[in-house]
Structure formats: C-alpha cells, structure tokens
$ cat target28.csv   # CSV, C-alpha atoms and all ligand atoms
chain,number,residue,atom,x,y,z
T,252,MET,CA,-42.1,10.6,26.9
T,253,ASP,CA,-38.5,11.0,25.7
T,254,MET,CA,-37.1,14.2,24.2
T,255,LYS,CA,-37.5,12.9,20.7
T,256,SER,CA,-41.3,12.9,20.6
T,257,ASN,CA,-43.0,12.3,17.3
T,258,ILE,CA,-44.7,15.5,16.2
T,259,ILE,CA,-46.6,16.6,13.2
T,260,PHE,CA,-46.7,20.3,12.3
T,261,CYS,CA,-49.5,20.6,9.8
T,262,ASP,CA,-50.8,23.7,7.9
T,263,VAL,CA,-47.3,24.9,7.7
T,264,ASP,CA,-46.6,28.0,5.5
T,265,ASP,CA,-43.2,29.3,4.5
T,266,ILE,CA,-42.8,31.6,7.4
T,267,THR,CA,-43.6,28.8,9.9
T,268,ARG,CA,-41.3,26.4,8.1
T,269,LYS,CA,-38.4,28.9,8.3
T,270,HIS,CA,-39.1,29.5,11.9
T,271,LEU,CA,-39.1,25.8,12.7
T,272,GLN,CA,-35.8,25.4,10.8
T,273,ASP,CA,-34.2,28.5,12.4
T,274,HIS,CA,-35.0,27.0,15.8
T,275,LYS,CA,-33.6,23.7,14.9
T,276,ILE,CA,-36.9,21.9,15.8
T,277,GLY,CA,-35.7,18.8,14.0
T,278,GLU,CA,-33.0,18.3,16.6
T,279,LYS,CA,-35.5,18.4,19.4
T,280,PHE,CA,-38.3,16.2,18.0
T,281,ASN,CA,-38.9,13.6,15.3
T,282,CYS,CA,-40.8,16.1,13.1
T,283,THR,CA,-43.1,15.7,10.2
T,284,ILE,CA,-43.7,19.1,8.7
T,285,LEU,CA,-46.7,19.3,6.3
T,286,GLN,CA,-47.9,22.2,4.2
T,287,GLU,CA,-51.3,20.3,4.0
T,288,SER,CA,-54.1,20.1,6.5
T,289,LEU,CA,-54.3,16.7,8.2
T,290,ASN,CA,-57.9,16.2,6.9
T,291,ASP,CA,-56.6,16.5,3.3
T,292,LEU,CA,-54.2,13.6,3.6
T,293,SER,CA,-55.0,10.2,2.1
T,294,SER,CA,-55.8,7.4,4.5
T,295,ASP,CA,-52.4,5.8,3.5
T,296,ALA,CA,-50.5,9.0,4.4
T,297,LEU,CA,-52.4,9.2,7.7
T,298,ARG,CA,-51.5,5.5,8.5
T,299,LYS,CA,-47.8,6.3,8.0
T,300,LEU,CA,-48.0,9.0,10.7
T,301,SER,CA,-49.9,6.8,13.1
T,302,ASN,CA,-47.2,6.8,15.9
T,303,VAL,CA,-47.6,10.6,16.3
T,304,GLU,CA,-47.8,11.8,19.9
T,305,ILE,CA,-48.2,15.6,19.4
T,306,ILE,CA,-50.0,17.5,16.6
T,307,SER,CA,-49.2,21.2,16.1
T,308,THR,CA,-52.0,22.6,13.9
T,309,PHE,CA,-53.4,25.8,12.5
T,310,VAL,CA,-57.1,26.5,12.0
T,311,TYR,CA,-57.3,25.0,8.5
T,312,SER,CA,-57.0,21.3,9.7
T,313,ARG,CA,-60.4,19.9,10.7
T,314,LEU,CA,-59.3,17.5,13.4
T,315,ARG,CA,-62.5,15.4,13.5
T,316,GLY,CA,-62.8,12.1,15.3
T,317,ASP,CA,-62.4,10.1,12.1
T,318,ILE,CA,-59.0,11.9,11.5
T,319,LEU,CA,-57.8,11.7,15.1
T,320,GLU,CA,-58.6,8.0,15.4
T,321,ASN,CA,-55.6,7.3,13.2
T,322,PHE,CA,-53.3,8.4,16.0
T,323,LYS,CA,-53.5,5.9,18.9
T,324,ASN,CA,-50.6,7.5,20.8
T,325,LEU,CA,-51.8,11.0,20.5
T,326,LYS,CA,-51.4,12.9,23.7
T,327,LEU,CA,-51.4,16.6,22.8
T,328,ILE,CA,-52.9,18.9,20.2
T,329,SER,CA,-51.3,22.3,20.2
T,330,THR,CA,-53.2,24.8,18.2
T,331,ARG,CA,-51.2,27.7,16.6
T,332,SER,CA,-54.3,29.8,17.2
T,333,THR,CA,-56.6,31.0,19.9
T,334,GLY,CA,-59.7,29.4,18.5
T,335,TYR,CA,-59.8,25.6,18.7
T,336,ASN,CA,-63.3,24.8,17.4
T,337,ASN,CA,-61.6,22.9,14.5
T,338,VAL,CA,-60.7,20.3,17.0
T,339,ASP,CA,-63.3,17.6,18.0
T,340,ALA,CA,-63.6,18.3,21.7
T,341,GLU,CA,-65.8,15.3,22.5
T,342,TYR,CA,-63.3,12.9,20.9
T,343,CYS,CA,-60.4,14.5,22.7
T,344,LYS,CA,-62.1,14.3,26.1
T,345,ALA,CA,-63.2,10.7,25.5
T,346,HIS,CA,-59.6,9.7,24.5
T,347,GLY,CA,-57.6,11.6,27.1
T,348,ILE,CA,-56.1,13.9,24.4
T,349,LYS,CA,-55.1,17.3,25.8
T,350,VAL,CA,-55.6,20.5,23.8
T,351,ALA,CA,-53.6,23.7,24.3
T,352,ASN,CA,-54.1,26.9,22.4
T,353,VAL,CA,-52.2,30.1,22.2
T,354,ALA,CA,-54.1,32.5,24.3
T,355,GLY,CA,-53.4,36.2,24.1
T,356,TYR,CA,-50.8,36.3,21.2
T,357,GLY,CA,-52.5,38.8,19.2
T,358,GLU,CA,-55.4,40.5,20.9
T,359,ILE,CA,-54.3,43.9,19.8
T,360,THR,CA,-53.4,42.5,16.4
T,361,VAL,CA,-56.9,41.2,15.7
T,362,ALA,CA,-58.5,44.3,17.3
T,363,GLU,CA,-56.5,46.6,15.1
T,364,TYR,CA,-57.5,44.5,12.1
T,365,ALA,CA,-61.2,44.7,13.0
T,366,MET,CA,-60.8,48.5,13.3
T,367,GLY,CA,-59.1,48.6,9.9
T,368,MET,CA,-62.0,46.6,8.3
T,369,LEU,CA,-64.5,48.9,10.0
T,370,LEU,CA,-62.8,52.1,8.7
T,371,SER,CA,-62.4,50.6,5.2
T,372,LEU,CA,-66.1,49.7,5.2
T,373,THR,CA,-67.5,52.9,6.6
T,374,ARG,CA,-65.3,55.1,4.3
T,375,ASN,CA,-65.3,52.8,1.2
T,376,ILE,CA,-61.5,52.8,1.2
T,377,GLY,CA,-61.0,49.4,-0.5
T,378,PHE,CA,-63.9,50.0,-2.9
T,379,SER,CA,-62.7,53.5,-4.0
T,380,ASN,CA,-59.2,52.2,-4.5
T,381,ASN,CA,-60.4,49.4,-6.7
T,382,LYS,CA,-62.6,51.9,-8.7
T,383,LEU,CA,-59.7,54.3,-9.2
T,384,ARG,CA,-57.4,51.5,-10.4
T,385,ASN,CA,-60.1,50.8,-13.0
T,386,GLY,CA,-60.1,54.5,-14.0
T,387,ILE,CA,-63.5,55.3,-12.4
T,388,VAL,CA,-63.5,58.5,-10.4
T,389,LYS,CA,-67.0,59.3,-9.0
T,390,VAL,CA,-66.6,60.8,-5.5
T,391,ASN,CA,-70.3,61.2,-4.7
T,392,GLY,CA,-71.0,57.5,-4.8
T,393,ASP,CA,-68.4,56.8,-2.2
T,394,MET,CA,-69.8,58.8,0.7
T,395,GLY,CA,-69.2,57.1,4.1
T,396,ILE,CA,-70.0,57.8,7.7
T,397,ASP,CA,-68.0,59.1,10.7
T,398,LEU,CA,-67.4,56.6,13.5
T,399,SER,CA,-67.4,59.4,16.1
T,400,GLY,CA,-70.8,59.5,17.8
T,401,LYS,CA,-71.9,56.1,16.5
T,402,THR,CA,-73.0,53.2,18.7
T,403,VAL,CA,-70.9,50.1,18.4
T,404,GLY,CA,-72.1,46.8,19.7
T,405,VAL,CA,-69.3,44.5,20.7
T,406,ILE,CA,-70.3,40.8,21.2
T,407,GLY,CA,-67.6,39.3,23.3
T,408,THR,CA,-65.2,41.4,25.4
T,409,GLY,CA,-62.4,38.9,26.1
T,410,ALA,CA,-58.8,39.5,25.0
T,411,ILE,CA,-59.6,40.9,21.6
T,412,GLY,CA,-63.0,42.4,22.3
T,413,ARG,CA,-61.8,44.6,25.1
T,414,HIS,CA,-59.0,46.0,22.9
T,415,PHE,CA,-61.6,46.7,20.2
T,416,VAL,CA,-63.7,48.5,22.8
T,417,GLY,CA,-60.7,50.7,23.6
T,418,LEU,CA,-60.1,51.5,19.9
T,419,CYS,CA,-63.8,52.4,19.4
T,420,HIS,CA,-63.7,54.5,22.5
T,421,ALA,CA,-60.7,56.4,21.1
T,422,PHE,CA,-62.7,57.1,18.0
T,423,GLY,CA,-65.5,58.7,20.1
T,424,CYS,CA,-68.0,55.9,19.8
T,425,HIS,CA,-70.6,54.9,22.4
T,426,ILE,CA,-70.0,51.2,23.1
T,427,LEU,CA,-72.6,48.6,24.0
T,428,ALA,CA,-71.2,45.2,25.0
T,429,SER,CA,-72.6,41.7,25.5
T,430,ASP,CA,-70.7,39.0,27.3
T,431,PRO,CA,-71.7,36.4,29.9
T,432,PHE,CA,-68.6,37.5,31.8
T,433,PRO,CA,-68.5,41.3,31.8
T,434,ASN,CA,-65.1,42.9,32.1
T,435,GLN,CA,-65.1,44.9,35.4
T,436,LYS,CA,-62.2,47.1,34.3
T,437,LEU,CA,-64.1,48.2,31.2
T,438,ILE,CA,-67.1,49.1,33.4
T,439,ASP,CA,-65.0,50.9,36.0
T,440,ASP,CA,-63.2,52.9,33.3
T,441,GLY,CA,-66.5,53.9,31.7
T,442,MET,CA,-65.6,52.3,28.4
T,443,CYS,CA,-68.8,50.5,27.6
T,444,ASP,CA,-72.3,49.6,28.9
T,445,TYR,CA,-73.1,45.9,29.2
T,446,VAL,CA,-76.6,45.1,27.9
T,447,ASP,CA,-78.4,42.0,26.8
T,448,VAL,CA,-77.8,40.9,23.2
T,449,SER,CA,-81.3,42.0,22.0
T,450,HIS,CA,-80.7,45.5,23.3
T,451,LEU,CA,-77.3,45.5,21.6
T,452,LEU,CA,-78.8,44.3,18.3
T,453,LYS,CA,-81.6,46.9,18.3
T,454,SER,CA,-79.4,49.9,19.3
T,455,SER,CA,-76.1,49.5,17.4
T,456,ASP,CA,-75.0,51.2,14.2
T,457,ILE,CA,-72.1,48.8,14.0
T,458,ILE,CA,-71.8,45.3,15.4
T,459,SER,CA,-68.5,43.5,15.9
T,460,LEU,CA,-68.3,39.8,16.7
T,461,ASN,CA,-65.4,39.0,19.1
T,462,CYS,CA,-66.6,35.8,20.8
T,463,PRO,CA,-65.7,32.2,20.2
T,464,ALA,CA,-67.9,29.9,18.1
T,465,THR,CA,-69.8,27.4,20.3
T,466,LYS,CA,-72.7,25.0,19.8
T,467,GLU,CA,-74.9,27.6,21.7
T,468,ASN,CA,-74.1,30.6,19.4
T,469,TYR,CA,-73.9,28.8,16.1
T,470,HIS,CA,-75.4,31.2,13.5
T,471,LEU,CA,-76.0,33.8,16.2
T,472,ILE,CA,-76.4,36.3,13.4
T,473,ASN,CA,-79.3,34.9,11.4
T,474,LYS,CA,-82.5,36.3,9.8
T,475,ASN,CA,-84.2,36.6,13.2
T,476,THR,CA,-81.4,38.5,14.8
T,477,ILE,CA,-80.8,40.6,11.7
T,478,ASP,CA,-84.5,41.6,11.7
T,479,GLN,CA,-83.9,43.1,15.2
T,480,MET,CA,-81.0,45.3,14.0
T,481,LYS,CA,-81.2,48.9,12.9
T,482,ASP,CA,-81.6,49.5,9.2
T,483,GLY,CA,-78.2,50.3,7.6
T,484,VAL,CA,-76.1,48.5,10.3
T,485,TYR,CA,-72.5,47.5,9.5
T,486,ILE,CA,-71.2,44.1,10.7
T,487,VAL,CA,-67.6,43.1,11.3
T,488,ASN,CA,-66.6,39.5,12.0
T,489,THR,CA,-63.0,38.7,12.8
T,490,ALA,CA,-64.0,35.9,15.2
T,491,ARG,CA,-65.4,32.7,13.6
T,492,GLY,CA,-67.4,32.1,10.5
T,493,GLU,CA,-69.9,29.8,12.3
T,494,LEU,CA,-71.3,32.9,14.1
T,495,ILE,CA,-73.0,34.1,11.0
T,496,ASP,CA,-75.5,32.4,8.7
T,497,SER,CA,-74.0,33.7,5.4
T,498,VAL,CA,-77.2,33.0,3.5
T,499,ASP,CA,-79.2,35.3,5.7
T,500,LEU,CA,-76.4,37.9,5.8
T,501,TYR,CA,-76.2,37.9,2.0
T,502,GLU,CA,-79.9,38.4,1.6
T,503,ALA,CA,-79.9,41.2,4.2
T,504,ILE,CA,-77.1,43.0,2.4
T,505,VAL,CA,-78.7,42.7,-1.0
T,506,ALA,CA,-82.0,44.0,0.6
T,507,GLY,CA,-80.1,47.0,2.0
T,508,LYS,CA,-80.9,46.1,5.6
T,509,ILE,CA,-77.2,45.7,6.3
T,510,ARG,CA,-75.1,48.5,4.7
T,511,GLY,CA,-71.8,46.6,4.7
T,512,ALA,CA,-70.0,43.7,6.2
T,513,GLY,CA,-66.3,43.2,6.9
T,514,LEU,CA,-65.7,39.4,7.2
T,515,ASP,CA,-62.3,37.9,7.9
T,516,VAL,CA,-63.9,34.6,8.6
T,517,LEU,CA,-66.8,32.7,6.9
T,518,ASP,CA,-68.8,29.7,7.6
T,519,TYR,CA,-67.6,27.0,5.2
T,520,GLU,CA,-64.6,29.2,4.3
T,521,ASP,CA,-62.5,26.3,2.9
T,522,VAL,CA,-63.5,26.7,-0.8
T,523,ILE,CA,-62.8,30.4,-0.9
T,524,ILE,CA,-59.6,30.3,1.3
T,525,LYS,CA,-58.1,27.1,0.1
T,526,ASN,CA,-59.7,26.7,-3.3
T,527,ASP,CA,-60.8,23.3,-1.9
T,528,ILE,CA,-62.8,22.1,-4.9
T,529,GLU,CA,-62.5,18.5,-3.8
T,530,ALA,CA,-64.3,19.4,-0.5
T,531,LEU,CA,-67.0,21.0,-2.6
T,532,LYS,CA,-67.5,17.8,-4.6
T,533,ASN,CA,-67.5,15.6,-1.6
T,534,ASN,CA,-69.3,17.4,1.2
T,535,ASP,CA,-72.9,17.9,2.1
T,536,LYS,CA,-75.5,20.2,0.4
T,537,ASN,CA,-74.9,22.9,3.0
T,538,PHE,CA,-71.3,23.0,2.1
T,539,ALA,CA,-72.2,23.7,-1.6
T,540,LEU,CA,-74.9,26.2,-0.7
T,541,TYR,CA,-72.6,28.2,1.6
T,542,SER,CA,-69.7,28.0,-0.7
T,543,VAL,CA,-71.8,29.6,-3.5
T,544,ILE,CA,-73.1,32.3,-1.1
T,545,ASN,CA,-69.6,33.0,0.0
T,546,ALA,CA,-68.6,33.6,-3.6
T,547,LYS,CA,-71.6,35.8,-4.1
T,548,LEU,CA,-70.7,37.8,-1.0
T,549,LEU,CA,-67.3,38.4,-2.5
T,550,GLN,CA,-68.9,40.1,-5.5
T,551,LEU,CA,-70.7,42.7,-3.4
T,552,PRO,CA,-69.0,46.1,-3.4
T,553,ASN,CA,-70.0,46.8,0.3
T,554,VAL,CA,-68.5,43.5,1.6
T,555,ILE,CA,-64.9,43.1,2.5
T,556,LEU,CA,-63.8,39.5,2.6
T,557,THR,CA,-60.3,38.5,3.7
T,558,PRO,CA,-58.9,35.0,4.1
T,559,HIS,CA,-58.8,34.6,7.9
T,560,ILE,CA,-55.7,36.9,8.3
T,561,ALA,CA,-56.6,39.2,11.2
T,562,PHE,CA,-53.9,37.5,13.3
T,563,ASN,CA,-51.3,37.8,10.5
T,564,SER,CA,-48.9,40.5,11.6
T,565,SER,CA,-45.2,39.6,11.8
T,566,ASP,CA,-45.3,40.5,15.5
T,567,ALA,CA,-48.2,38.2,16.3
T,568,VAL,CA,-47.0,35.3,14.2
T,569,LEU,CA,-43.7,35.4,16.0
T,570,ARG,CA,-45.5,35.3,19.4
T,571,ILE,CA,-47.7,32.4,18.2
T,572,LEU,CA,-44.8,30.3,17.0
T,573,ASN,CA,-42.7,30.9,20.1
T,574,THR,CA,-45.6,30.3,22.5
T,575,SER,CA,-46.8,27.1,20.8
T,576,ILE,CA,-43.2,25.6,20.6
T,577,GLN,CA,-42.7,26.5,24.3
T,578,THR,CA,-46.1,24.8,25.1
T,579,ILE,CA,-44.9,21.6,23.4
T,580,CYS,CA,-41.5,21.6,25.2
T,581,ASP,CA,-43.2,22.2,28.5
T,582,PHE,CA,-45.7,19.4,27.9
T,583,ILE,CA,-42.8,17.0,27.1
T,584,GLU,CA,-40.9,18.1,30.2
T,585,GLY,CA,-44.0,17.5,32.3
T,586,LYS,CA,-44.3,21.2,33.3
T,587,SER,CA,-47.7,22.7,34.1
T,588,ILE,CA,-49.7,24.0,31.1
T,589,THR,CA,-53.1,25.5,30.8
T,590,PHE,CA,-55.2,23.1,28.6
T,591,VAL,CA,-58.4,24.3,26.9
T,592,ILE,CA,-59.6,20.7,26.6
E,1,LIG,N1,-59.5,36.1,12.5
E,1,LIG,C1,-58.4,35.7,13.2
E,1,LIG,O1,-57.3,35.7,12.7
E,1,LIG,C2,-58.5,35.4,14.7
E,1,LIG,C3,-57.4,35.5,15.5
E,1,LIG,C4,-57.5,35.2,16.9
E,1,LIG,C5,-58.7,35.0,17.4
E,1,LIG,N2,-59.8,34.9,16.6
E,1,LIG,C6,-61.2,34.6,17.2
E,1,LIG,O2,-61.6,35.8,17.9
E,1,LIG,C7,-62.5,35.4,18.9
E,1,LIG,C8,-62.2,36.0,20.2
E,1,LIG,O3,-60.9,35.7,20.7
E,1,LIG,P1,-60.4,36.1,22.1
E,1,LIG,O4,-58.9,35.8,22.1
E,1,LIG,O5,-60.8,37.5,22.4
E,1,LIG,O6,-61.2,35.1,23.0
E,1,LIG,P2,-61.4,35.2,24.6
E,1,LIG,O7,-61.7,33.8,25.1
E,1,LIG,O8,-60.4,36.0,25.3
E,1,LIG,O9,-62.8,36.1,24.7
E,1,LIG,C9,-64.0,35.7,24.2
E,1,LIG,C10,-65.1,36.3,25.0
E,1,LIG,O10,-66.3,36.0,24.4
E,1,LIG,C11,-67.3,35.8,25.5
E,1,LIG,N3,-68.4,35.0,25.0
E,1,LIG,C12,-68.5,33.7,24.8
E,1,LIG,N4,-69.7,33.4,24.2
E,1,LIG,C13,-70.3,34.5,24.0
E,1,LIG,C14,-71.6,34.9,23.5
E,1,LIG,N5,-72.4,34.0,23.0
E,1,LIG,N6,-71.9,36.2,23.5
E,1,LIG,C15,-71.1,37.2,23.9
E,1,LIG,N7,-69.9,36.9,24.4
E,1,LIG,C16,-69.5,35.6,24.5
E,1,LIG,C17,-66.4,35.1,26.6
E,1,LIG,O11,-67.1,35.2,27.8
E,1,LIG,C18,-65.1,35.9,26.5
E,1,LIG,O12,-65.1,37.0,27.3
E,1,LIG,C19,-62.4,33.8,18.9
E,1,LIG,O13,-63.5,33.3,18.2
E,1,LIG,C20,-61.2,33.5,18.2
E,1,LIG,O14,-61.2,32.3,17.7
E,1,LIG,C21,-59.8,35.2,15.3

$ encode --input "target28.csv" --output "structure tokens" --more "lines below"
Ligand SMILES: NC(=O)c1ccc[n+]([C@@H]2O[C@H](COP(=O)([O-])OP(=O)(O)OC[C@H]3O[C@@H](n4cnc5c(N)ncnc54)[C@H](O)[C@@H]3O)[C@@H](O)[C@H]2O)c1
Amino acid sequence: MDMKSNIIFCDVDDITRKHLQDHKIGEKFNCTILQESLNDLSSDALRKLSNVEIISTFVYSRLRGDILENFKNLKLISTRSTGYNNVDAEYCKAHGIKVANVAGYGEITVAEYAMGMLLSLTRNIGFSNNKLRNGIVKVNGDMGIDLSGKTVGVIGTGAIGRHFVGLCHAFGCHILASDPFPNQKLIDDGMCDYVDVSHLLKSSDIISLNCPATKENYHLINKNTIDQMKDGVYIVNTARGELIDSVDLYEAIVAGKIRGAGLDVLDYEDVIIKNDIEALKNNDKNFALYSVINAKLLQLPNVILTPHIAFNSSDAVLRILNTSIQTICDFIEGKSITFVI
C-alpha cells in the first residue's frame, strides 16, 4: 500500500475534524471525512467510496456485512473506541479485513464517569438540581444512601472495571467481582472478592456493568437475573446497551425492584442519541419497542440517561485520536499491530 491510502473517517464530530486538520491528515492520506455514520449513507454515496482501503469509525456506524461489501479493497477498520461490537466480526474474518481498536485510552475516564453516575443516582444530585431549577424545594423526598459500607458488584474487571473497583474501594465499599479472567493484582491487594455471577446478583446493593457485549452475554440483565437481585438495587451501565434488556429494566424500576439506574448506553440507542427517526420507520418491531421503552426510561426521575459519553473527556479524546491515527500509520507502514479481529 502506498502512503496515500484511501481512508474514510466517519462519525466525525467537530473536535475530531479539527484534530485531523491540525495534524494535516489530508497530506498523508486520500481522506474522506464524514460527519455521518456509514450505514446512513445512500447506496450511491457508498458506491462513490468503493475504493476505500481503511475505515476509521466511531461506535455510531453499524458496519454490517451489507455495508462492508461495498468496499472490495477494504483492509483495515480502525475503531476510535475500545468496543467494536458495531463491526460485523464474521464478515471481516471471512473477507480478511483486520480490525484494530483503541485499547486503554480511557479506562480511568470511563471508571470516573461510572462513579459520577453512581453518586448522582444514590444522592439524587441531577434530580434535585432539576427540581430546584423548576422552583421545587422539598428536601425530604431526595434522601439518598451512603456508598460507604455498601456491596458493589462489578461485572467485568478489565481495564475500566479494575479502576472502578479501585474507586469503590476508596469509598469504603465491599466489592464483589465477576470475570472469566480474574485480575490477580486486585485479589492480592484485597480489593475485591471474585464470585460467580449469581452470588454477585444476589448480594450486591449496586451493580456496575464493565464487560464487553458478546453473543453469550446479550441481555445479561433480564427479568430472570433482575429477580435474583436484592430489592432496591442500583444499576450502572457504562459498557454496552446490549447487556441489558431495557424492557425488563423499565418494568423492574417502575415496580420498585430496582431503585435507580445510570445508563450511558442503551440497547437500540440510535433513536435517542441520534434522533434517528428514519431508522425507527425502517427497522424491525424490536427497534420500535426498545426505542419507545428508552424514551419512557428517560422520563423516570430515578434514571440517569446520557448519550454514550463516558469516554468523552478532552484527555481521553486526545488519546483516542492520537492512538487511532498512529495505528493507521503503523498499518500502512507494515509495522506490527494488535488486531482484535
Ligand atoms: N460508554 C463509553 O463511552 C465506553 C467507553 C469505553 C469502553 N466502553 C465499554 O466498556 C466495556 C469495558 O471496557 P474495557 O476497556 O474495560 O474492556 P476490557 O476488555 O479491558 O475488559 C473487559 C473485561 O470483561 C470481562 N468479561 C467478558 N465477558 C464477561 C462476562 N460475561 N462477565 C463478566 N466479565 C466478562 C473480560 O474478561 C475482561 O476482563 C466495553 O464494553 C467497552 O465497549 C464504554
């Protein structure tokens, strides 16, 4: 591949665009910079980009086989994220397309955000602020709980989860963890106890999801697993929306089984995050059902919803952009890279 590879940067926001311009990316590559997600482009627009060799994407683009088959020369997908479940792994494997993510750009960034959500939930910070803005002062209704002394269940103790364990430990929590690959340092430092997931569900006052979404753990949090939880449990999800069945979550919150939820990610989050009404019209029944439930979750006072922004600190975004551009340069120069697919 020569130095002027054909690259699409999709899902590009203003900060990313400025970074690409400041780093004179256009001098290194034949770049197409798109604000849109690739799956939102018309088939004509996709056809015009068919000679692309590298795609740099954020989580919004759903890189399904029917989108990727437009790019016969595609060699690399570089995600500007840690998660890559928006990329069709089977298609990439079958067609020799490599996928590289940005591992470890923002583990503390996301862990801090999860802790922020948890504090806001357990002390009604956002809710009380909204009430006061509307002139409502009623202190009694806003009583929260201390974190100190509570049991926090952390599902997934990888890069982000292990930092979240550290933050909870600093708050005086007892931490139960579940992960197929326990972190020996956390065990040696006495930071948490690894238990099986059913023990964690039964015993935790707070549950935080910090594992990737896979076929195996799709809707890991569902009616059956919620029934096993303590009454009044809080749930925080900064990982992936696919981990929670939002319909079951909604019903459990309304029934009072779950006391509050902090959700930075949602299954079928596109309509809420991107106001993607076209997708609502064109997609399957589940898409419509979950989109309505997501909107209903947004109305609940004890739910905090944010639009997939746990990564979004200026420090982390800079690390993401620098790392993903370096990955692309290394790939072009034939240097060794760790691929996730
Ligand atoms: N909201 C955001 O902005 C944002 C930003 C970055 C990452 N994330 C998401 O956070 C999650 C964690 O990221 P990370 O960097 O810590 O990943 P990581 O790969 O470092 O760690 C994930 C851990 O989860 C474990 N795991 C896998 N399946 C599991 C299961 N079923 N139960 C328990 N543990 C399981 C793995 O063994 C691993 O230790 C990912 O889903 C990622 O996509 C979200």

$ residues_near_ligand --input "target28.csv" --ligand "ligand LIG 1 (chain E)" --cutoff "8 Å" --atoms "all atoms listed in the file" --output "NGL selection string"
:T and (332-336 or 354-355 or 357-358 or 361 or 406-413 or 429-434 or 448 or 460-465 or 467-468 or 471 or 488-491 or 515-516 or 559-563)

$ residues_around --input "target28.csv" --residues "range 418-428 of chain T" --least-positions-apart "4" --cutoff "8 Å" --atoms "all atoms listed in the file" --output "count of residues only"
22

$ residues_around --input "target28.csv" --residues "range 571-574 of chain T" --least-positions-apart "4" --cutoff "7 Å" --atoms "only C-alpha atoms" --output "ChimeraX atom specification"
/T:331,353,356,567,578

$ closest_residue --input "target28.csv" --among "T:Phe260, T:Tyr519, T:Phe590, T:Tyr541" --to "Pro558 in chain T" --atoms "only C-alpha atoms"
T:Tyr519

$ atom_distance --input "target28.csv" --atom1 "CA of Leu372 in chain T" --atom2 "CA of Ile544 in chain T"
19.8 Å

$ closest_residue --input "target28.csv" --among "T:Leu297, T:Leu500, T:Val263, T:Ile509" --to "Ile284 in chain T" --atoms "only C-alpha atoms"
T:Val263

$ closest_residue --input "target28.csv" --among "T:Gly386, T:Val568, T:Leu531, T:Gly377" --to "Gly513 in chain T" --atoms "all atoms listed in the file"
T:Gly377

$ closest_residue --input "target28.csv" --among "T:Leu569, T:Leu300, T:Val338, T:Val350" --to "Ser312 in chain T" --atoms "only C-alpha atoms"
T:Val338
